[in-house]
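Novice: Data: data35.txt, compact mmCIF, C-alpha atoms and all ligand atoms.
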# COMPACT_ATOMS: atom_id res chain seq x y z
CA PRO A 17 111.35 123.97 -67.03
CA LYS A 18 109.53 122.65 -70.11
CA HIS A 19 106.04 123.54 -68.86
CA LEU A 20 104.35 126.25 -66.79
CA LEU A 21 101.77 124.25 -64.84
CA ASP A 22 102.46 125.85 -61.45
CA PHE A 23 105.53 127.40 -59.83
CA GLN A 24 106.97 124.27 -58.19
CA ASP A 25 109.93 123.85 -60.57
CA TRP A 26 110.49 127.55 -61.16
CA SER A 27 113.24 129.40 -59.30
CA ALA A 28 112.90 133.03 -58.25
CA GLU A 29 115.63 133.87 -60.80
CA ARG A 30 113.74 132.26 -63.71
CA LEU A 31 110.51 133.93 -62.66
CA SER A 32 112.22 137.32 -62.39
CA ALA A 33 113.70 136.76 -65.87
CA LEU A 34 110.18 136.12 -67.22
CA LEU A 35 109.04 139.44 -65.75
CA ASP A 36 112.13 141.24 -67.11
CA ASN A 37 111.33 139.89 -70.58
CA ALA A 38 107.76 141.15 -70.25
CA ASP A 39 109.26 144.67 -70.19
CA THR A 40 110.69 143.98 -73.65
CA MET A 41 107.34 142.60 -74.84
CA LEU A 42 105.52 145.67 -73.54
CA GLY A 43 107.93 147.70 -75.67
CA VAL A 44 106.91 145.64 -78.74
CA LEU A 45 103.23 146.26 -77.95
CA SER A 46 103.78 150.01 -77.76
CA ARG A 47 105.10 150.17 -81.35
CA PRO A 48 102.82 151.05 -84.29
CA VAL A 49 103.52 147.57 -85.77
CA LYS A 50 103.04 145.21 -82.84
CA LYS A 51 104.60 142.15 -84.38
CA VAL A 52 107.98 140.37 -84.23
CA PRO A 53 109.04 137.15 -85.99
CA ALA A 54 110.14 135.33 -82.80
CA LEU A 55 107.75 132.35 -83.12
CA GLN A 56 107.43 132.22 -86.90
CA GLY A 57 106.71 128.68 -88.11
CA LEU A 58 105.46 127.50 -84.71
CA THR A 59 101.84 126.63 -83.85
CA VAL A 60 100.19 127.31 -80.49
CA CYS A 61 96.91 125.62 -79.58
CA THR A 62 94.64 127.30 -77.05
CA ALA A 63 92.47 124.52 -75.62
CA PHE A 64 89.82 125.97 -73.33
CA PHE A 65 87.47 123.53 -71.63
CA GLU A 66 86.08 126.39 -69.52
CA ASN A 67 85.05 129.91 -70.54
CA SER A 68 87.46 132.83 -70.65
CA THR A 69 87.62 136.38 -71.94
CA ARG A 70 91.01 137.70 -70.80
CA THR A 71 93.26 134.65 -70.72
CA LYS A 72 92.22 133.19 -74.08
CA THR A 73 92.21 136.50 -75.94
CA SER A 74 95.55 137.60 -74.53
CA PHE A 75 97.30 134.26 -75.20
CA GLU A 76 96.03 134.22 -78.79
CA LEU A 77 97.11 137.82 -79.36
CA ALA A 78 100.43 137.14 -77.62
CA ALA A 79 101.17 134.20 -79.94
CA ARG A 80 100.13 136.17 -83.04
CA ARG A 81 102.18 139.21 -82.01
CA MET A 82 105.19 136.88 -82.22
CA SER A 83 104.09 135.48 -85.61
CA ALA A 84 103.02 132.01 -84.39
CA ASP A 85 100.04 130.27 -85.98
CA VAL A 86 97.19 129.84 -83.51
CA VAL A 87 94.61 127.09 -83.45
CA SER A 88 91.78 127.76 -81.06
CA PHE A 89 90.18 124.55 -79.82
CA ALA A 90 86.71 125.25 -78.41
CA ALA A 91 85.78 122.28 -76.27
CA GLY A 92 82.03 122.98 -76.43
CA ALA A 93 82.01 122.81 -80.24
CA SER A 94 84.27 119.75 -80.48
CA SER A 95 83.85 115.98 -80.70
CA LEU A 96 84.22 115.77 -76.90
CA SER A 97 80.42 116.09 -76.98
CA LYS A 98 80.35 112.77 -78.90
CA GLY A 99 82.29 111.06 -76.14
CA GLU A 100 85.86 111.49 -77.43
CA SER A 101 88.35 111.35 -74.56
CA LEU A 102 90.81 114.07 -73.54
CA ARG A 103 93.66 111.77 -74.56
CA ASP A 104 92.30 111.13 -78.08
CA THR A 105 91.50 114.83 -78.47
CA ILE A 106 95.04 115.93 -77.57
CA GLU A 107 96.68 113.19 -79.64
CA THR A 108 94.56 114.28 -82.62
CA LEU A 109 95.54 117.95 -82.24
CA THR A 110 99.20 116.99 -81.79
CA ALA A 111 99.09 115.09 -85.11
CA TYR A 112 98.47 118.49 -86.76
CA LYS A 113 101.95 119.52 -85.54
CA VAL A 114 100.95 121.74 -82.65
CA ASP A 115 104.12 122.96 -80.88
CA ALA A 116 102.63 124.10 -77.55
CA TYR A 117 99.35 124.03 -75.63
CA VAL A 118 97.63 126.64 -73.51
CA VAL A 119 95.06 124.74 -71.45
CA ARG A 120 92.17 125.76 -69.24
CA HIS A 121 90.21 122.94 -67.64
CA PRO A 122 87.78 122.60 -64.72
CA VAL A 123 89.74 119.63 -63.34
CA SER A 124 92.85 120.31 -61.24
CA GLY A 125 95.92 118.74 -62.84
CA ALA A 126 94.48 118.52 -66.38
CA GLY A 127 97.58 120.32 -67.73
CA HIS A 128 99.76 117.41 -66.55
CA LEU A 129 97.64 115.02 -68.63
CA VAL A 130 97.90 117.25 -71.72
CA ALA A 131 101.68 117.36 -71.23
CA ARG A 132 101.80 113.56 -71.04
CA TYR A 133 99.53 112.97 -74.05
CA SER A 134 101.16 115.59 -76.29
CA GLY A 135 104.83 115.58 -75.26
CA LYS A 136 104.75 119.35 -75.98
CA PRO A 137 105.20 122.37 -73.69
CA VAL A 138 101.99 123.11 -71.79
CA ILE A 139 100.97 126.37 -70.14
CA ASN A 140 98.27 126.12 -67.51
CA ALA A 141 95.65 128.80 -68.18
CA GLY A 142 93.69 127.81 -65.05
CA ASP A 143 92.90 124.31 -63.74
CA GLY A 144 90.02 123.95 -61.33
CA ARG A 145 90.80 125.69 -58.07
CA ARG A 146 94.50 124.73 -58.19
CA ALA A 147 96.62 127.12 -60.24
CA HIS A 148 96.53 130.02 -62.71
CA PRO A 149 100.22 130.84 -62.99
CA THR A 150 100.13 133.44 -65.77
CA GLN A 151 97.48 135.41 -63.86
CA ALA A 152 99.80 135.51 -60.82
CA LEU A 153 102.71 136.52 -63.05
CA LEU A 154 100.76 139.43 -64.51
CA ASP A 155 99.67 140.43 -61.00
CA ALA A 156 103.30 140.36 -59.83
CA TYR A 157 104.33 142.31 -62.92
CA THR A 158 101.70 144.98 -62.27
CA ILE A 159 102.83 145.43 -58.65
CA ARG A 160 106.47 145.51 -59.71
CA GLN A 161 105.66 148.13 -62.37
CA GLU A 162 104.24 150.32 -59.62
CA TYR A 163 106.90 149.88 -56.97
CA GLY A 164 109.99 148.73 -58.92
CA ASP A 165 110.38 145.64 -56.74
CA LEU A 166 108.24 143.15 -54.83
CA LYS A 167 110.67 142.82 -51.93
CA GLY A 168 109.13 144.01 -48.68
CA LYS A 169 105.73 144.71 -50.25
CA LYS A 170 102.53 143.56 -48.56
CA VAL A 171 99.73 142.23 -50.77
CA ALA A 172 96.25 141.68 -49.32
CA ILE A 173 94.03 139.25 -51.25
CA ILE A 174 90.39 139.42 -50.18
CA GLY A 175 87.50 137.24 -51.25
CA ASP A 176 86.63 133.66 -52.06
CA ILE A 177 90.07 132.20 -51.34
CA ARG A 178 88.76 128.62 -51.11
CA HIS A 179 87.71 128.38 -54.74
CA SER A 180 90.43 130.61 -56.16
CA ARG A 181 93.29 129.34 -58.31
CA VAL A 182 94.39 132.98 -58.56
CA ALA A 183 94.83 133.19 -54.77
CA ARG A 184 96.77 129.91 -54.69
CA SER A 185 99.12 130.90 -57.51
CA ASN A 186 99.74 134.33 -56.01
CA ALA A 187 100.35 132.77 -52.59
CA GLU A 188 103.05 130.61 -54.22
CA LEU A 189 104.58 133.27 -56.44
CA LEU A 190 104.62 136.56 -54.55
CA PRO A 191 106.61 135.31 -51.51
CA LYS A 192 109.15 133.70 -53.90
CA LEU A 193 109.70 137.21 -55.24
CA GLY A 194 110.03 138.73 -51.76
CA ALA A 195 106.50 139.95 -51.00
CA GLU A 196 104.31 139.16 -48.00
CA VAL A 197 100.79 137.84 -48.73
CA VAL A 198 97.74 138.09 -46.49
CA LEU A 199 94.74 136.03 -47.55
CA CYS A 200 91.41 137.25 -46.19
CA GLY A 201 87.80 136.11 -46.34
CA PRO A 202 85.05 134.61 -44.23
CA ALA A 203 86.23 131.49 -42.38
CA THR A 204 84.17 129.23 -44.64
CA LEU A 205 86.08 130.53 -47.69
CA LEU A 206 89.55 130.54 -46.10
CA PRO A 207 91.23 127.08 -46.08
CA PRO A 208 93.62 126.93 -43.08
CA ASP A 209 96.19 124.77 -44.95
CA LEU A 210 97.26 127.82 -47.00
CA ALA A 211 98.87 129.28 -43.83
CA ALA A 212 101.59 126.61 -44.23
CA LEU A 213 102.95 128.39 -47.33
CA PRO A 214 106.04 130.50 -46.60
CA GLY A 215 105.32 134.24 -46.47
CA VAL A 216 101.53 133.72 -46.26
CA THR A 217 99.20 134.58 -43.37
CA LEU A 218 95.43 134.29 -43.07
CA THR A 219 92.87 136.56 -41.43
CA THR A 220 89.11 136.90 -41.40
CA ASP A 221 89.40 140.63 -40.61
CA PRO A 222 89.63 142.74 -43.80
CA PHE A 223 90.93 145.80 -41.90
CA ASP A 224 93.81 143.70 -40.49
CA ALA A 225 94.48 142.41 -43.99
CA VAL A 226 94.82 145.80 -45.67
CA ARG A 227 96.68 147.62 -42.88
CA GLY A 228 100.10 148.49 -44.35
CA ALA A 229 99.25 146.83 -47.70
CA HIS A 230 100.82 148.18 -50.91
CA ALA A 231 98.37 146.29 -53.11
CA VAL A 232 94.84 145.10 -52.38
CA MET A 233 93.39 142.42 -54.62
CA ALA A 234 89.67 141.66 -54.64
CA LEU A 235 88.58 138.21 -55.78
CA ARG A 236 85.29 137.19 -57.32
CA LEU A 237 82.83 135.10 -55.36
CA GLN A 238 82.92 131.95 -57.50
CA GLN A 239 79.30 131.00 -57.20
CA GLU A 240 79.67 128.37 -59.93
CA ARG A 241 82.08 126.43 -57.66
CA MET A 242 80.13 126.93 -54.42
CA ASN A 243 77.76 124.51 -52.78
CA THR A 244 75.36 125.95 -50.26
CA GLY A 245 76.57 126.75 -46.76
CA TYR A 246 79.54 129.01 -47.43
CA LEU A 247 77.82 132.39 -47.01
CA ALA A 248 74.74 133.56 -45.10
CA SER A 249 74.00 136.09 -47.85
CA MET A 250 75.76 138.00 -50.59
CA GLN A 251 74.74 141.29 -48.93
CA GLU A 252 76.33 140.22 -45.65
CA TYR A 253 79.52 139.33 -47.54
CA ALA A 254 79.57 142.73 -49.28
CA ASP A 255 78.94 144.58 -46.02
CA THR A 256 82.07 143.07 -44.46
CA TYR A 257 84.50 142.20 -47.24
CA GLN A 258 83.81 144.53 -50.16
CA VAL A 259 86.94 146.37 -51.31
CA ASN A 260 85.69 149.96 -51.13
CA GLU A 261 87.02 153.40 -50.18
CA ALA A 262 86.46 152.86 -46.45
CA LEU A 263 88.59 149.70 -46.49
CA LEU A 264 91.26 151.22 -48.75
CA ASN A 265 91.72 154.12 -46.37
CA GLU A 266 93.39 151.62 -44.00
CA ALA A 267 95.95 150.56 -46.62
CA GLU A 268 99.28 152.29 -47.35
CA ASP A 269 99.01 155.70 -48.97
CA GLY A 270 98.90 155.17 -52.71
CA ALA A 271 98.09 151.46 -52.42
CA ILE A 272 96.94 150.03 -55.73
CA VAL A 273 93.85 147.89 -56.34
CA LEU A 274 93.85 144.72 -58.41
CA HIS A 275 91.15 142.32 -59.57
CA PRO A 276 91.83 139.40 -61.93
CA GLY A 277 88.38 139.72 -63.49
CA PRO A 278 85.65 138.96 -64.25
CA MET A 279 84.25 141.35 -61.60
CA ASN A 280 80.96 141.28 -59.76
CA ARG A 281 80.70 145.04 -59.40
CA ASP A 282 79.40 146.28 -56.05
CA LEU A 283 79.69 142.81 -54.55
CA GLU A 284 83.39 142.06 -53.91
CA ILE A 285 84.53 145.49 -55.16
CA SER A 286 82.74 148.85 -55.30
CA SER A 287 82.38 150.44 -58.72
CA GLU A 288 83.90 153.60 -57.26
CA VAL A 289 87.13 151.73 -56.45
CA ALA A 290 87.12 149.60 -59.62
CA ASP A 291 86.97 152.75 -61.75
CA GLY A 292 88.98 154.94 -59.37
CA GLU A 293 92.52 156.28 -59.57
CA ARG A 294 94.03 153.49 -57.49
CA SER A 295 92.63 150.81 -59.76
CA ARG A 296 95.14 148.96 -61.95
CA ILE A 297 92.56 146.49 -63.27
CA LEU A 298 92.88 147.47 -66.93
CA LYS A 299 96.65 147.75 -66.49
CA GLN A 300 96.58 144.09 -65.40
CA VAL A 301 94.74 143.23 -68.60
CA GLU A 302 97.26 145.14 -70.71
CA ASN A 303 100.22 143.61 -68.88
CA GLY A 304 98.73 140.13 -69.30
CA GLN A 305 99.45 140.16 -73.01
CA ALA A 306 103.12 141.12 -72.49
CA VAL A 307 103.61 138.58 -69.70
CA ARG A 308 102.07 135.81 -71.85
CA MET A 309 104.34 136.76 -74.76
CA SER A 310 107.26 136.37 -72.37
CA VAL A 311 106.06 132.95 -71.18
CA LEU A 312 105.46 131.65 -74.74
CA TYR A 313 108.87 132.91 -75.83
CA HIS A 314 110.60 131.37 -72.84
CA LEU A 315 109.05 127.92 -73.34
CA LEU A 316 109.21 127.81 -77.15
CA VAL A 317 112.51 129.53 -77.87
CA GLY A 318 114.20 129.00 -74.53
CA ARG A 319 116.36 132.09 -74.36
CA ASP A 320 115.92 135.34 -72.44
N1 LIG A 401 91.33 136.41 -64.94
C1 LIG A 401 90.92 135.50 -65.82
O1 LIG A 401 91.41 134.37 -65.87
O2 LIG A 401 89.91 135.93 -66.66
P1 LIG A 401 89.20 135.02 -67.76
O3 LIG A 401 88.45 133.94 -67.05
O4 LIG A 401 88.29 135.97 -68.51
O5 LIG A 401 90.27 134.43 -68.65
Represent the supplied structure as structure tokens.
Ligand code: CP

Specialist:
Amino acid sequence: PKHLLDFQDWSAERLSALLDNADTMLGVLSRPVKKVPALQGLTVCTAFFENSTRTKTSFELAARRMSADVVSFAAGASSLSKGESLRDTIETLTAYKVDAYVVRHPVSGAGHLVARYSGKPVINAGDGRRAHPTQALLDAYTIRQEYGDLKGKKVAIIGDIRHSRVARSNAELLPKLGAEVVLCGPATLLPPDLAALPGVTLTTDPFDAVRGAHAVMALRLQQERMNTGYLASMQEYADTYQVNEALLNEAEDGAIVLHPGPMNRDLEISSEVADGERSRILKQVENGQAVRMSVLYHLLVGRD
């Protein structure tokens, strides 16, 4: 595929190849000189219309590690504030000979528009509540790193599923790679249509969700996307759904804990667990750079 907007056009084989290549990229990142010439002469534009710490930083580092030039388009400081359209903005940037776009946007499907206006490869860095494919890839990579394979693994994802592009992308990706996914949250934050995805089940009981799980992922309560009426109170949510030691005791021995970040400590995850020995949260961050190098390489150079 030319773009990575979601996983629809991506076969399990291609996705596994992306993860295999991330092993090579992690090797590059462990060297004293963390730079290879793979993308020399190419220009990557990171266009973020929504805030980010991890995704933007890691994509920019990933591109630079492979010797690409990076132009960072900050929507808030651009002429969008003067009424310029998305189309004119992207056509303007493309005239500077940008070779690929990494796009985060609050509107679902914005990456498709950028692909149409630019004619260049586009990587979705999170669009609305729809998809965040590189986050799911780095999650899959982190689980695979722990267990060697995703086949037969159970992954419990607990939190605000309704507003989560991370949950949606993981629910698409992990079963393609052989894992079973359980999505868990209060009924108001658990859209029933997700149960139609192959390999995905839903439950409102967090103890059911984690029983037998090899990985437990906590998701942030996305208060910026919530209207009123989803939760009685944050405390009540934490009392039932917080990923803490008591809940983890029901998971498989040695189960790992993931969180895509940013975290609301002691709300959806206890600090004890976030900083504890089962936590792979900073490992996810580290792996994100390697996985994004692999994705950029795949789309811009096209070989494994
Ligand atoms: N997980 C994630 O997408 O984090 P950022 O919003 O900081 O990029």

Novice: Identify, on the basis of all atoms listed in the file, every residue whose closest approach to Gln151 (chain A) does not exceed 8 Å; exclude the query and any residue fewer than 4 positions from it along the same chain; express the result as a PyMOL selection string.

Specialist: chain A and resi 155+182+185+276+304

Novice: Measuring atom to atom with all atoms listed in the file, identify which of A:Leu213, A:Leu153, A:Ala116, A:Leu45 is nearest to Leu77 (chain A).

Specialist: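 Answer, going by the shortest atom-to-atom distance: A:Leu45.
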
Novice: So that I can check the surroundings of region 280-295 of chain A, please list as an NGL selection string every protein, DNA and RNA residue that reaches within 8 Å of it, counting only C-alpha atoms and ignoring chain neighbours fewer than 4 positions away.

Specialist: :A and (175 or 234-237 or 250-251 or 253-254 or 257-261 or 270-274)

Novice: Excluding Arg178 (chain A) and any residue of its chain fewer than 3 positions from it, enumerate the residues within 7 Å of it, using all atoms listed in the file, and give them as a compact mmCIF listing (two decimals) with C-alpha atoms, in the frame of the given file.

Specialist:
# COMPACT_ATOMS: atom_id res chain seq x y z
CA LEU A 205 86.08 130.53 -47.69
CA LEU A 206 89.55 130.54 -46.10
CA PRO A 207 91.23 127.08 -46.08

Novice: Name each residue within 12 Å of ligand LIG 401 (chain A), counting all atoms listed in the file, as a PyMOL selection string.

Specialist: chain A and resi 62+64-76+118-122+140-145+147-155+180-183+185+234-236+238+274-279+297-298+300-301+304-305

Novice: Between CA of Val60 (chain A) and CA of Glu188 (chain A), what distance in Å does the model show, to one decimal?

Specialist: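 Between these atoms lies a distance of 26.6 Å.
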
Novice: In terms of the shortest atom-to-atom distance over all atoms listed in the file, which of A:Ala231, A:Asn265, A:Met82, A:Thr220 is closest to Tyr163 (chain A)?

Specialist: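 Among the listed residues, A:Ala231 lies closest to Tyr163 (chain A).
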
Novice: Could you work out how far CA of Val197 (chain A) lies from CA of Gly215 (chain A), giving the answer in Å with one decimal?

Specialist: 6.2 Å

Novice: So which one's closest to Ala156 (chain A), A:Lys18, A:Arg81, A:Lys192, A:Arg132? Using all atoms listed in the file, please.

Specialist: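 Using all atoms listed in the file, Ala156 (chain A) sits closest to A:Lys192.
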
Novice: Any idea what the distance is between CA of Val138 (chain A) and CA of Asp209 (chain A)?

Specialist: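 Between CA of Val138 (chain A) and CA of Asp209 (chain A) the gap is 27.5 Å.
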